[in-house]
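The structure file input_1.txt is reproduced below (compact mmCIF, C-alpha atoms and all ligand atoms).
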# COMPACT_ATOMS: atom_id res chain seq x y z
CA MET G 1178 -24.85 35.25 63.27
CA LEU G 1179 -23.91 36.77 59.94
CA ILE G 1180 -23.31 33.99 57.44
CA LYS G 1181 -20.66 34.89 54.90
CA ARG G 1182 -20.73 33.01 51.65
CA LYS G 1183 -19.53 33.91 48.19
CA LEU G 1184 -22.86 33.89 46.43
CA GLY G 1185 -23.66 35.54 43.12
CA TRP G 1186 -24.87 38.80 44.54
CA GLU G 1187 -22.49 38.91 47.48
CA ILE G 1188 -19.83 40.73 45.54
CA PRO G 1189 -19.00 44.41 45.21
CA GLU G 1190 -20.79 46.36 42.50
CA SER G 1191 -17.60 46.61 40.47
CA GLN G 1192 -17.66 42.85 40.14
CA VAL G 1193 -21.37 42.37 39.64
CA THR G 1194 -20.89 42.17 35.89
CA PRO G 1195 -17.17 41.83 35.35
CA GLN G 1196 -16.17 43.46 32.08
CA ALA G 1197 -14.43 40.34 30.78
CA VAL G 1198 -17.46 38.21 31.48
CA PHE G 1199 -19.68 40.76 29.87
CA LEU G 1200 -17.51 41.01 26.78
CA ASN G 1201 -17.28 37.25 26.54
CA ARG G 1202 -20.92 36.66 27.28
CA ARG G 1203 -21.92 36.08 23.69
CA SER G 1204 -19.44 33.24 23.28
CA LEU G 1205 -20.21 31.95 26.79
CA ILE G 1206 -23.90 31.85 25.97
CA ALA G 1207 -23.31 30.14 22.64
CA GLY G 1208 -21.23 27.51 24.47
CA LEU G 1209 -23.79 27.00 27.22
CA ALA G 1210 -26.63 26.67 24.76
CA GLY G 1211 -24.70 24.01 22.90
CA ALA G 1212 -23.88 22.21 26.13
CA ALA G 1213 -27.52 22.32 27.21
CA LEU G 1214 -28.64 20.78 23.93
CA ALA G 1215 -25.97 18.11 23.98
CA GLY G 1216 -26.48 17.71 27.76
CA ALA G 1217 -26.10 14.03 28.73
CA GLY G 1218 -28.65 12.81 26.22
CA MET G 1219 -31.43 14.76 27.93
CA PRO G 1220 -34.62 14.99 25.90
CA ALA G 1221 -35.36 18.47 24.59
CA LEU G 1222 -38.03 20.37 26.53
CA ALA G 1223 -40.37 20.03 23.54
CA ASP G 1224 -40.33 16.23 23.96
CA VAL G 1225 -41.47 16.22 27.56
CA ASP G 1226 -43.77 19.18 28.14
CA PRO G 1227 -47.43 18.40 27.38
CA SER G 1228 -48.43 22.06 27.75
CA GLN G 1229 -46.57 23.32 24.71
CA GLY G 1230 -49.76 23.55 22.61
CA LEU G 1231 -51.00 26.32 24.94
CA TYR G 1232 -48.36 28.75 23.72
CA PRO G 1233 -47.94 31.39 22.49
CA ALA G 1234 -50.64 32.95 24.68
CA LYS G 1235 -52.50 36.10 23.63
CA LEU G 1236 -50.63 39.29 24.49
CA ASN G 1237 -52.43 41.40 27.10
CA PRO G 1238 -52.43 44.90 25.52
CA ALA G 1239 -52.03 46.53 28.95
CA TYR G 1240 -48.54 44.97 29.18
CA LYS G 1241 -47.42 45.04 25.58
CA ASP G 1242 -44.60 47.50 26.02
CA ALA G 1243 -42.04 47.54 28.82
CA GLY G 1244 -40.40 50.69 27.45
CA ARG G 1245 -37.28 48.78 26.43
CA ALA G 1246 -36.47 46.10 23.88
CA ILE G 1247 -37.21 42.50 24.80
CA THR G 1248 -34.03 40.74 25.92
CA ASP G 1249 -32.82 38.04 23.57
CA GLU G 1250 -34.17 34.69 24.75
CA GLN G 1251 -30.68 33.20 24.89
CA TYR G 1252 -29.77 35.54 27.74
CA ASN G 1253 -32.68 34.60 29.92
CA VAL G 1254 -32.35 30.88 29.26
CA ASN G 1255 -28.59 30.81 29.85
CA TYR G 1256 -27.88 33.54 32.43
CA ASN G 1257 -29.79 32.58 35.55
CA ASN G 1258 -30.00 32.57 39.28
CA PHE G 1259 -31.31 29.15 40.25
CA TYR G 1260 -29.24 28.16 43.26
CA GLU G 1261 -30.82 24.71 43.45
CA PHE G 1262 -28.62 23.90 40.44
CA GLY G 1263 -25.50 25.82 41.41
CA THR G 1264 -24.22 29.23 42.42
CA SER G 1265 -23.00 30.37 39.00
CA LYS G 1266 -25.10 31.96 36.26
CA GLY G 1267 -24.37 29.04 33.92
CA ILE G 1268 -26.72 26.43 35.39
CA ALA G 1269 -28.85 25.84 32.27
CA ALA G 1270 -27.34 22.43 31.44
CA GLU G 1271 -27.53 21.27 35.07
CA ALA G 1272 -31.15 22.52 35.33
CA GLU G 1273 -32.12 20.14 32.52
CA LYS G 1274 -32.17 17.53 35.30
CA LEU G 1275 -35.29 19.19 36.69
CA ARG G 1276 -38.18 16.73 36.23
CA ILE G 1277 -41.25 18.79 35.36
CA ARG G 1278 -43.86 16.00 35.03
CA PRO G 1279 -45.59 14.84 37.07
CA TRP G 1280 -45.62 18.21 38.89
CA GLU G 1281 -48.00 18.81 41.75
CA ILE G 1282 -48.67 21.98 43.66
CA ALA G 1283 -50.05 21.74 47.20
CA VAL G 1284 -52.34 24.57 48.31
CA ASP G 1285 -52.82 24.66 52.07
CA GLY G 1286 -52.95 26.73 55.25
CA GLU G 1287 -55.85 29.10 55.95
CA VAL G 1288 -58.05 27.96 53.04
CA ASP G 1289 -61.56 26.52 52.87
CA LYS G 1290 -60.21 23.15 51.75
CA PRO G 1291 -56.53 22.31 51.18
CA PHE G 1292 -55.88 20.57 47.86
CA THR G 1293 -53.13 19.36 45.57
CA ILE G 1294 -53.33 20.01 41.86
CA GLY G 1295 -51.23 18.82 38.93
CA ILE G 1296 -49.79 21.55 36.74
CA ASP G 1297 -51.75 20.44 33.65
CA ASP G 1298 -55.04 20.45 35.60
CA LEU G 1299 -54.23 23.90 36.93
CA LEU G 1300 -53.53 25.12 33.39
CA LYS G 1301 -57.07 24.02 32.41
CA LYS G 1302 -58.58 26.23 35.10
CA VAL G 1303 -56.92 29.50 34.10
CA VAL G 1304 -56.71 31.72 31.03
CA LEU G 1305 -53.15 32.18 29.83
CA GLU G 1306 -51.94 35.54 28.58
CA GLU G 1307 -48.61 37.10 27.66
CA ARG G 1308 -47.17 40.11 29.51
CA ILE G 1309 -43.95 41.94 28.77
CA TYR G 1310 -42.33 42.95 32.05
CA ARG G 1311 -39.05 44.43 33.18
CA HIS G 1312 -37.09 42.17 35.54
CA ARG G 1313 -34.52 43.73 37.92
CA CYS G 1314 -32.20 41.49 39.93
CA VAL G 1315 -30.87 42.71 43.29
CA GLU G 1316 -27.42 42.18 41.72
CA ALA G 1317 -28.05 45.23 39.47
CA TRP G 1318 -28.68 43.53 36.14
CA SER G 1319 -31.96 43.59 34.28
CA MET G 1320 -33.89 42.08 31.37
CA VAL G 1321 -37.19 42.53 29.58
CA VAL G 1322 -39.10 39.27 29.30
CA PRO G 1323 -42.28 38.21 27.48
CA TRP G 1324 -43.76 35.98 30.19
CA SER G 1325 -46.86 33.82 29.72
CA GLY G 1326 -49.07 32.80 32.58
CA PHE G 1327 -52.01 34.09 34.57
CA PRO G 1328 -52.65 36.64 37.32
CA LEU G 1329 -51.64 35.42 40.79
CA LYS G 1330 -55.07 36.67 41.85
CA SER G 1331 -56.65 33.76 39.87
CA LEU G 1332 -54.67 31.25 41.92
CA VAL G 1333 -55.71 32.98 45.16
CA GLU G 1334 -59.34 32.81 44.04
CA LEU G 1335 -59.03 29.07 43.32
CA ALA G 1336 -57.55 28.56 46.80
CA LYS G 1337 -60.41 30.41 48.56
CA PRO G 1338 -58.37 31.70 51.53
CA LYS G 1339 -60.11 32.48 54.81
CA THR G 1340 -60.22 36.07 56.01
CA ASP G 1341 -57.51 35.45 58.60
CA ALA G 1342 -54.94 34.58 55.89
CA LYS G 1343 -52.60 37.59 55.85
CA TYR G 1344 -49.73 36.31 53.69
CA VAL G 1345 -49.03 33.87 50.87
CA ARG G 1346 -45.97 31.68 51.30
CA PHE G 1347 -44.39 29.95 48.29
CA GLU G 1348 -42.04 27.00 48.40
CA THR G 1349 -39.75 25.40 45.79
CA PHE G 1350 -38.95 21.66 45.69
CA ASN G 1351 -36.23 20.23 47.92
CA ASP G 1352 -34.62 17.30 46.12
CA PRO G 1353 -30.83 17.08 46.52
CA GLU G 1354 -30.69 13.99 44.33
CA MET G 1355 -32.10 15.90 41.38
CA ALA G 1356 -30.70 19.33 42.19
CA SER G 1357 -26.97 19.28 42.86
CA GLY G 1358 -27.01 22.73 44.47
CA GLN G 1359 -29.15 21.35 47.29
CA GLN G 1360 -26.43 18.92 48.32
CA PRO G 1361 -24.13 20.01 51.15
CA GLY G 1362 -21.36 22.11 49.61
CA LEU G 1363 -18.19 23.91 50.50
CA PHE G 1364 -20.06 26.36 52.73
CA GLY G 1365 -22.49 23.85 54.25
CA THR G 1366 -26.08 23.48 53.21
CA MET G 1367 -28.24 26.45 52.41
CA PRO G 1368 -31.55 26.54 54.30
CA TRP G 1369 -33.55 24.78 51.56
CA PRO G 1370 -36.21 24.83 50.35
CA TYR G 1371 -36.32 28.24 48.70
CA ILE G 1372 -39.17 30.16 50.31
CA GLU G 1373 -40.66 33.55 49.53
CA GLY G 1374 -43.75 35.39 50.68
CA LEU G 1375 -46.11 38.23 49.88
CA THR G 1376 -48.90 40.02 51.68
CA MET G 1377 -52.39 39.15 50.48
CA ALA G 1378 -52.71 42.67 49.05
CA GLU G 1379 -49.53 42.18 47.00
CA ALA G 1380 -50.66 38.75 45.81
CA MET G 1381 -54.02 40.20 44.70
CA HIS G 1382 -52.38 43.08 42.81
CA ASP G 1383 -52.95 43.12 39.05
CA LEU G 1384 -49.22 43.08 38.29
CA ALA G 1385 -48.46 39.93 40.34
CA PHE G 1386 -48.13 37.17 37.77
CA VAL G 1387 -47.82 33.38 37.82
CA VAL G 1388 -45.44 32.36 35.04
CA THR G 1389 -45.79 29.08 33.16
CA GLY G 1390 -44.29 30.17 29.85
CA ALA G 1391 -41.88 32.65 28.32
CA TYR G 1392 -40.90 33.63 24.80
CA GLY G 1393 -44.03 31.97 23.42
CA LYS G 1394 -43.46 28.49 24.86
CA PRO G 1395 -43.43 26.65 28.19
CA VAL G 1396 -40.98 28.35 30.53
CA ALA G 1397 -37.48 26.87 30.30
CA LYS G 1398 -36.19 24.72 33.15
CA SER G 1399 -33.40 27.19 33.91
CA MET G 1400 -36.03 29.92 34.28
CA GLY G 1401 -38.10 28.00 36.83
CA ALA G 1402 -40.30 25.49 34.99
CA PRO G 1403 -43.04 24.53 35.18
CA ILE G 1404 -44.44 27.31 37.40
CA ARG G 1405 -42.89 30.38 39.03
CA ILE G 1406 -44.03 33.88 39.83
CA HIS G 1407 -42.89 37.25 38.57
CA LEU G 1408 -43.27 40.51 40.50
CA PRO G 1409 -41.84 43.24 38.28
CA TRP G 1410 -41.66 45.94 40.98
CA LYS G 1411 -39.56 43.85 43.37
CA TYR G 1412 -36.01 42.57 43.24
CA GLY G 1413 -35.81 39.29 41.34
CA PHE G 1414 -35.19 37.10 44.38
CA LYS G 1415 -38.85 37.54 45.37
CA SER G 1416 -39.90 35.85 42.09
CA ILE G 1417 -39.60 32.27 43.26
CA LYS G 1418 -39.13 29.45 40.72
CA SER G 1419 -40.42 25.87 40.36
CA ILE G 1420 -43.12 26.17 43.02
CA VAL G 1421 -44.49 23.03 44.73
CA LYS G 1422 -46.43 24.59 47.61
CA VAL G 1423 -48.55 27.68 48.12
CA SER G 1424 -49.67 28.29 51.71
CA PHE G 1425 -52.00 30.95 53.07
CA VAL G 1426 -50.69 31.92 56.48
CA LYS G 1427 -51.20 34.33 59.38
CA GLU G 1428 -47.52 35.02 60.10
CA ARG G 1429 -45.10 36.79 57.77
CA PRO G 1430 -43.07 34.14 55.90
CA ILE G 1431 -39.29 34.34 56.19
CA GLY G 1432 -37.70 33.82 52.81
CA MET G 1433 -34.58 31.74 52.29
CA TRP G 1434 -32.39 34.78 51.65
CA GLU G 1435 -33.77 36.52 54.71
CA GLN G 1436 -32.93 33.41 56.75
CA LEU G 1437 -29.39 33.51 55.40
CA GLN G 1438 -28.70 37.23 55.62
CA ALA G 1439 -31.55 39.31 57.05
CA SER G 1440 -29.42 42.48 57.04
CA GLU G 1441 -29.24 42.34 53.23
CA TYR G 1442 -32.40 40.61 51.95
CA GLY G 1443 -35.65 41.63 53.56
CA PHE G 1444 -39.30 40.77 53.14
CA TRP G 1445 -40.43 43.72 51.01
CA ALA G 1446 -37.53 44.00 48.56
CA ASN G 1447 -39.11 46.75 46.47
CA VAL G 1448 -36.73 48.21 43.89
CA ASN G 1449 -35.37 51.63 44.90
CA PRO G 1450 -32.30 53.26 43.33
CA ALA G 1451 -31.87 55.54 46.37
CA VAL G 1452 -31.42 52.70 48.86
CA PRO G 1453 -28.13 50.88 48.29
CA HIS G 1454 -27.66 47.24 49.06
CA PRO G 1455 -25.27 47.16 52.07
CA ARG G 1456 -22.44 46.20 49.69
CA TRP G 1457 -23.26 47.93 46.39
CA SER G 1458 -25.25 50.74 44.84
CA GLN G 1459 -28.70 50.12 43.36
CA ALA G 1460 -28.66 53.42 41.44
CA SER G 1461 -28.19 51.83 38.03
CA GLU G 1462 -28.42 48.49 36.28
CA GLN G 1463 -26.70 46.61 33.49
CA VAL G 1464 -29.22 45.76 30.76
CA LEU G 1465 -28.29 42.25 29.68
CA GLY G 1466 -27.58 41.84 26.02
CA THR G 1467 -27.04 45.55 25.32
CA GLY G 1468 -23.81 46.60 27.02
CA GLU G 1469 -25.83 49.51 28.42
CA ARG G 1470 -25.98 50.72 32.02
CA ILE G 1471 -29.14 52.72 32.78
CA PRO G 1472 -30.56 54.45 35.87
CA THR G 1473 -32.78 52.22 38.00
CA GLN G 1474 -36.30 53.49 38.68
CA ILE G 1475 -38.20 53.28 41.96
CA TYR G 1476 -40.42 50.21 42.00
CA ASN G 1477 -38.63 49.34 38.76
CA GLY G 1478 -40.84 51.93 37.03
CA TYR G 1479 -44.13 50.43 38.25
CA GLY G 1480 -44.63 52.95 41.10
CA GLU G 1481 -47.83 54.49 39.76
CA PHE G 1482 -49.47 51.07 40.08
CA VAL G 1483 -47.96 49.71 43.29
CA ALA G 1484 -46.84 52.60 45.53
CA SER G 1485 -50.26 52.71 47.23
CA LEU G 1486 -49.73 49.15 48.50
CA TYR G 1487 -47.17 50.60 50.92
CA THR G 1488 -49.04 53.60 52.31
CA GLY G 1489 -48.68 53.68 56.07
CA LEU G 1490 -45.77 51.23 55.99
CA GLU G 1491 -43.06 53.90 55.75
CA SER G 1492 -41.38 52.69 58.94
CA GLU G 1493 -40.80 49.25 57.38
CA LYS G 1494 -37.68 48.32 55.43
CA LEU G 1495 -39.57 48.54 52.14
CA TYR G 1496 -36.55 48.71 49.86
CA MET G 1497 -34.29 45.80 50.76
N1 LIG G 1501 -36.16 30.77 42.79
C1 LIG G 1501 -35.52 29.66 43.23
N2 LIG G 1501 -36.25 28.60 43.58
N3 LIG G 1501 -34.18 29.59 43.32
C2 LIG G 1501 -33.38 30.68 43.02
O1 LIG G 1501 -32.16 30.59 43.16
N4 LIG G 1501 -33.30 33.00 42.27
C3 LIG G 1501 -34.04 34.29 42.28
C4 LIG G 1501 -35.38 34.17 41.54
N5 LIG G 1501 -36.08 32.97 41.95
C5 LIG G 1501 -34.02 31.87 42.56
C6 LIG G 1501 -35.43 31.86 42.43
C7 LIG G 1501 -33.29 35.40 41.71
S1 LIG G 1501 -32.06 36.02 42.67
C8 LIG G 1501 -33.59 35.95 40.50
S2 LIG G 1501 -32.82 37.36 39.94
C9 LIG G 1501 -34.57 35.32 39.60
O2 LIG G 1501 -35.13 34.12 40.14
C10 LIG G 1501 -33.85 34.98 38.31
O3 LIG G 1501 -34.75 34.53 37.34
P1 LIG G 1501 -34.16 34.22 35.88
O4 LIG G 1501 -33.08 33.21 36.05
O5 LIG G 1501 -35.32 33.71 35.06
O6 LIG G 1501 -33.63 35.52 35.34

Could I get this file's structure written as structure tokens?
Amino acid sequence: MLIKRKLGWEIPESQVTPQAVFLNRRSLIAGLAGAALAGAGMPALADVDPSQGLYPAKLNPAYKDAGRAITDEQYNVNYNNFYEFGTSKGIAAEAEKLRIRPWEIAVDGEVDKPFTIGIDDLLKKVVLEERIYRHRCVEAWSMVVPWSGFPLKSLVELAKPKTDAKYVRFETFNDPEMASGQQPGLFGTMPWPYIEGLTMAEAMHDLAFVVTGAYGKPVAKSMGAPIRIHLPWKYGFKSIKSIVKVSFVKERPIGMWEQLQASEYGFWANVNPAVPHPRWSQASEQVLGTGERIPTQIYNGYGEFVASLYTGLESEKLYM
């Protein structure tokens, strides 16, 4: 059955970035930032995150230029999709409720030996670097972000998957007490937890990145602290936030959006301007913070690196 809900990206293209919102965004962002700081006596991130001394990480010269200016940090911190904390873009203050320590990540499934590791222990096992990547949401807005983290490949190598592992499945926390968006709402409960998946070949690709920081410091709560992934050639919903479980599996994982609306959000979700979303065009994108609308590029401009991952898969729905 087709589930109809008014979610952020379930609106016609004309409303994806309403002009009034866009024009008012600077004042909206200023207000949200203030609210986040004043937010219910919450301690500032700097007071609670023991990893802050690891940043800024060294810039990887291979990813030093995304071909566009870096988006102002205030946009990324205050204009988010993080449905665990609400369906609007202004969840930054609510996301301050996210408790990021202790934070454990379970690694299981088809691996030599399942294990659970705390985020700070994991950070000791990897080499952090900075990469500047373009980020394209399925809703047709985009940013350029200086992420810090480590290649997803390093996490796969730590996990030592068996040869019969075909996919990696990622899972976000499910804690309705902490995350108000996970409580039953007007439209019922979404099928939490947030789940996303990749093929092993995608997970091992050089561009696939585990994010633990951004803008030279630990990644903000609203952006998916303390650990998320970023896959610059795919629509943003594949880049799952606040990960608590990584499983190596034989069957293709079904992501939360695919569970909700398989006709609109598929497994591959590679960016392609020529394949419209069923309810809006993907031909162009609004560059946050600039007022500019620019043409979208296939694979978000990363085609020369990733197109070969999809050879022989032409019959699949690669672009939704
Ligand atoms: N991960 C979780 N757990 N929950 C979410 O709602 N939203 C996705 C993705 N990862 C989402 C998530 C979507 S739709 C996008 S565009 C990006 O996160 C947004 O990341 P940003 O807020 O840092 O821009």

Surroundings of ligand LIG 1501 (chain G) up to 6 Å, based on all atoms listed in the file, as a PyMOL selection string: chain G and resi 1253+1257-1261+1314+1349+1371+1400+1413-1414+1416-1419

Could you pull the residues within 9 Å of G:Met1497, counting all atoms listed in the file, minus those fewer than 2 positions along the same chain, as an MDAnalysis selection string? chainID G and resid 1315 1412 1440:1449 1452:1454 1494:1495

Closest atom pairs, residues of stretch 1221-1293 of chain G within 9 Å of stretch 1466-1476 of chain G, all atoms listed in the file, as CSV:
residue,atom,partner,partner_atom,distance
G:Thr1248,CA,G:Gly1466,CA,6.5
G:Asp1249,CA,G:Gly1466,CA,6.9
G:Tyr1252,CA,G:Gly1466,CA,6.9

Kindly assemble as a tab-separated table a list of the stretch 1397-1451 of chain G residues that lie within 7 Å of stretch 1283-1301 of chain G, each paired with its nearest atom pair and their distance in Å to one decimal, using all atoms listed in the file, sorted first by chain and then by ascending residue number.
residue	atom	partner	partner_atom	distance
G:Val1421	CA	G:Ala1283	CA	6.2
G:Lys1422	CA	G:Ala1283	CA	4.6
G:Val1423	CA	G:Val1284	CA	4.9
G:Ser1424	CA	G:Asp1285	CA	4.8
G:Phe1425	CA	G:Gly1286	CA	4.8
G:Val1426	CA	G:Gly1286	CA	5.8

Pick out the residues sitting within 12 Å of G:Leu1486, and hand them over as a short mmCIF file (atom, residue, chain, number, x, y, z; two decimals) with C-alpha atoms, in the coordinates of the input; count only C-alpha atoms, and ignore anything fewer than 5 positions along from it in its own chain.
data_model
loop_
_atom_site.label_atom_id
_atom_site.label_comp_id
_atom_site.auth_asym_id
_atom_site.auth_seq_id
_atom_site.Cartn_x
_atom_site.Cartn_y
_atom_site.Cartn_z
CA LEU G 1375 -46.11 38.23 49.88
CA THR G 1376 -48.90 40.02 51.68
CA MET G 1377 -52.39 39.15 50.48
CA ALA G 1378 -52.71 42.67 49.05
CA GLU G 1379 -49.53 42.18 47.00
CA ALA G 1380 -50.66 38.75 45.81
CA MET G 1381 -54.02 40.20 44.70
CA HIS G 1382 -52.38 43.08 42.81
CA ASP G 1383 -52.95 43.12 39.05
CA LEU G 1384 -49.22 43.08 38.29
CA TRP G 1410 -41.66 45.94 40.98
CA TRP G 1445 -40.43 43.72 51.01
CA ASN G 1447 -39.11 46.75 46.47
CA TYR G 1476 -40.42 50.21 42.00
CA TYR G 1479 -44.13 50.43 38.25
CA GLY G 1480 -44.63 52.95 41.10
CA GLU G 1481 -47.83 54.49 39.76
CA GLU G 1491 -43.06 53.90 55.75
CA LEU G 1495 -39.57 48.54 52.14
#

I need the residue nearest G:Gly1401 from this list: G:Thr1389, G:Ser1325, G:Asn1255, G:Thr1264. Use all atoms listed in the file for the distance.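 Among the listed residues, G:Thr1389 lies closest to G:Gly1401.
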
Can you build me a table of stretch 1266-1366 of chain G residues sitting at most 12 Å from stretch 1238-1243 of chain G, with the closest atom pair per residue and its distance in Å to one decimal, using all atoms listed in the file, sorted by chain and residue number, as a Markdown table?
| residue | atom | partner | partner_atom | distance |
| --- | --- | --- | --- | --- |
| G:Glu1306 | CA | G:Pro1238 | CA | 9.9 |
| G:Glu1307 | CA | G:Tyr1240 | CA | 8.0 |
| G:Arg1308 | CA | G:Tyr1240 | CA | 5.1 |
| G:Ile1309 | CA | G:Tyr1240 | CA | 5.5 |
| G:Tyr1310 | CA | G:Ala1243 | CA | 5.6 |
| G:Arg1311 | CA | G:Ala1243 | CA | 6.1 |
| G:His1312 | CA | G:Ala1243 | CA | 9.9 |
| G:Met1320 | CA | G:Ala1243 | CA | 10.1 |
| G:Val1321 | CA | G:Ala1243 | CA | 7.0 |
| G:Val1322 | CA | G:Ala1243 | CA | 8.8 |
| G:Pro1323 | CA | G:Lys1241 | CA | 8.8 |
| G:Trp1324 | CA | G:Tyr1240 | CA | 10.2 |
| G:Ser1325 | CA | G:Tyr1240 | CA | 11.3 |

Straight-line distance linking atom CA of G:Leu1231 with atom CA of G:Glu1281, stated in Å to one decimal: 18.7 Å

Pick from G:Ala1317, G:Val1254, G:Val1304, G:Leu1437, whichever lies nearest to G:Gln1463 using only C-alpha atoms: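 Going through G:Ala1317, G:Val1254, G:Val1304, G:Leu1437 one by one, the smallest distance to G:Gln1463 is for G:Ala1317.
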
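Atom to atom, atom CA of G:Arg1346 and atom CA of G:Glu1428 stand 9.5 Å apart.
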
Near G:Ile1420, counting only C-alpha atoms, which residues have an atom at most 6 Å away, once you skip same-chain residues fewer than 3 positions from it, shown as a PDB file with C-alpha atoms, keeping the file's coordinate frame?
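result.pdb, written as the output of this step:
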ATOM      1  CA  GLU G1348     -42.040  27.000  48.400  1.00  0.00           C
ATOM      2  CA  THR G1349     -39.750  25.400  45.790  1.00  0.00           C
ATOM      3  CA  ILE G1404     -44.440  27.310  37.400  1.00  0.00           C
ATOM      4  CA  ARG G1405     -42.890  30.380  39.030  1.00  0.00           C
TER       5      ARG G1405
END
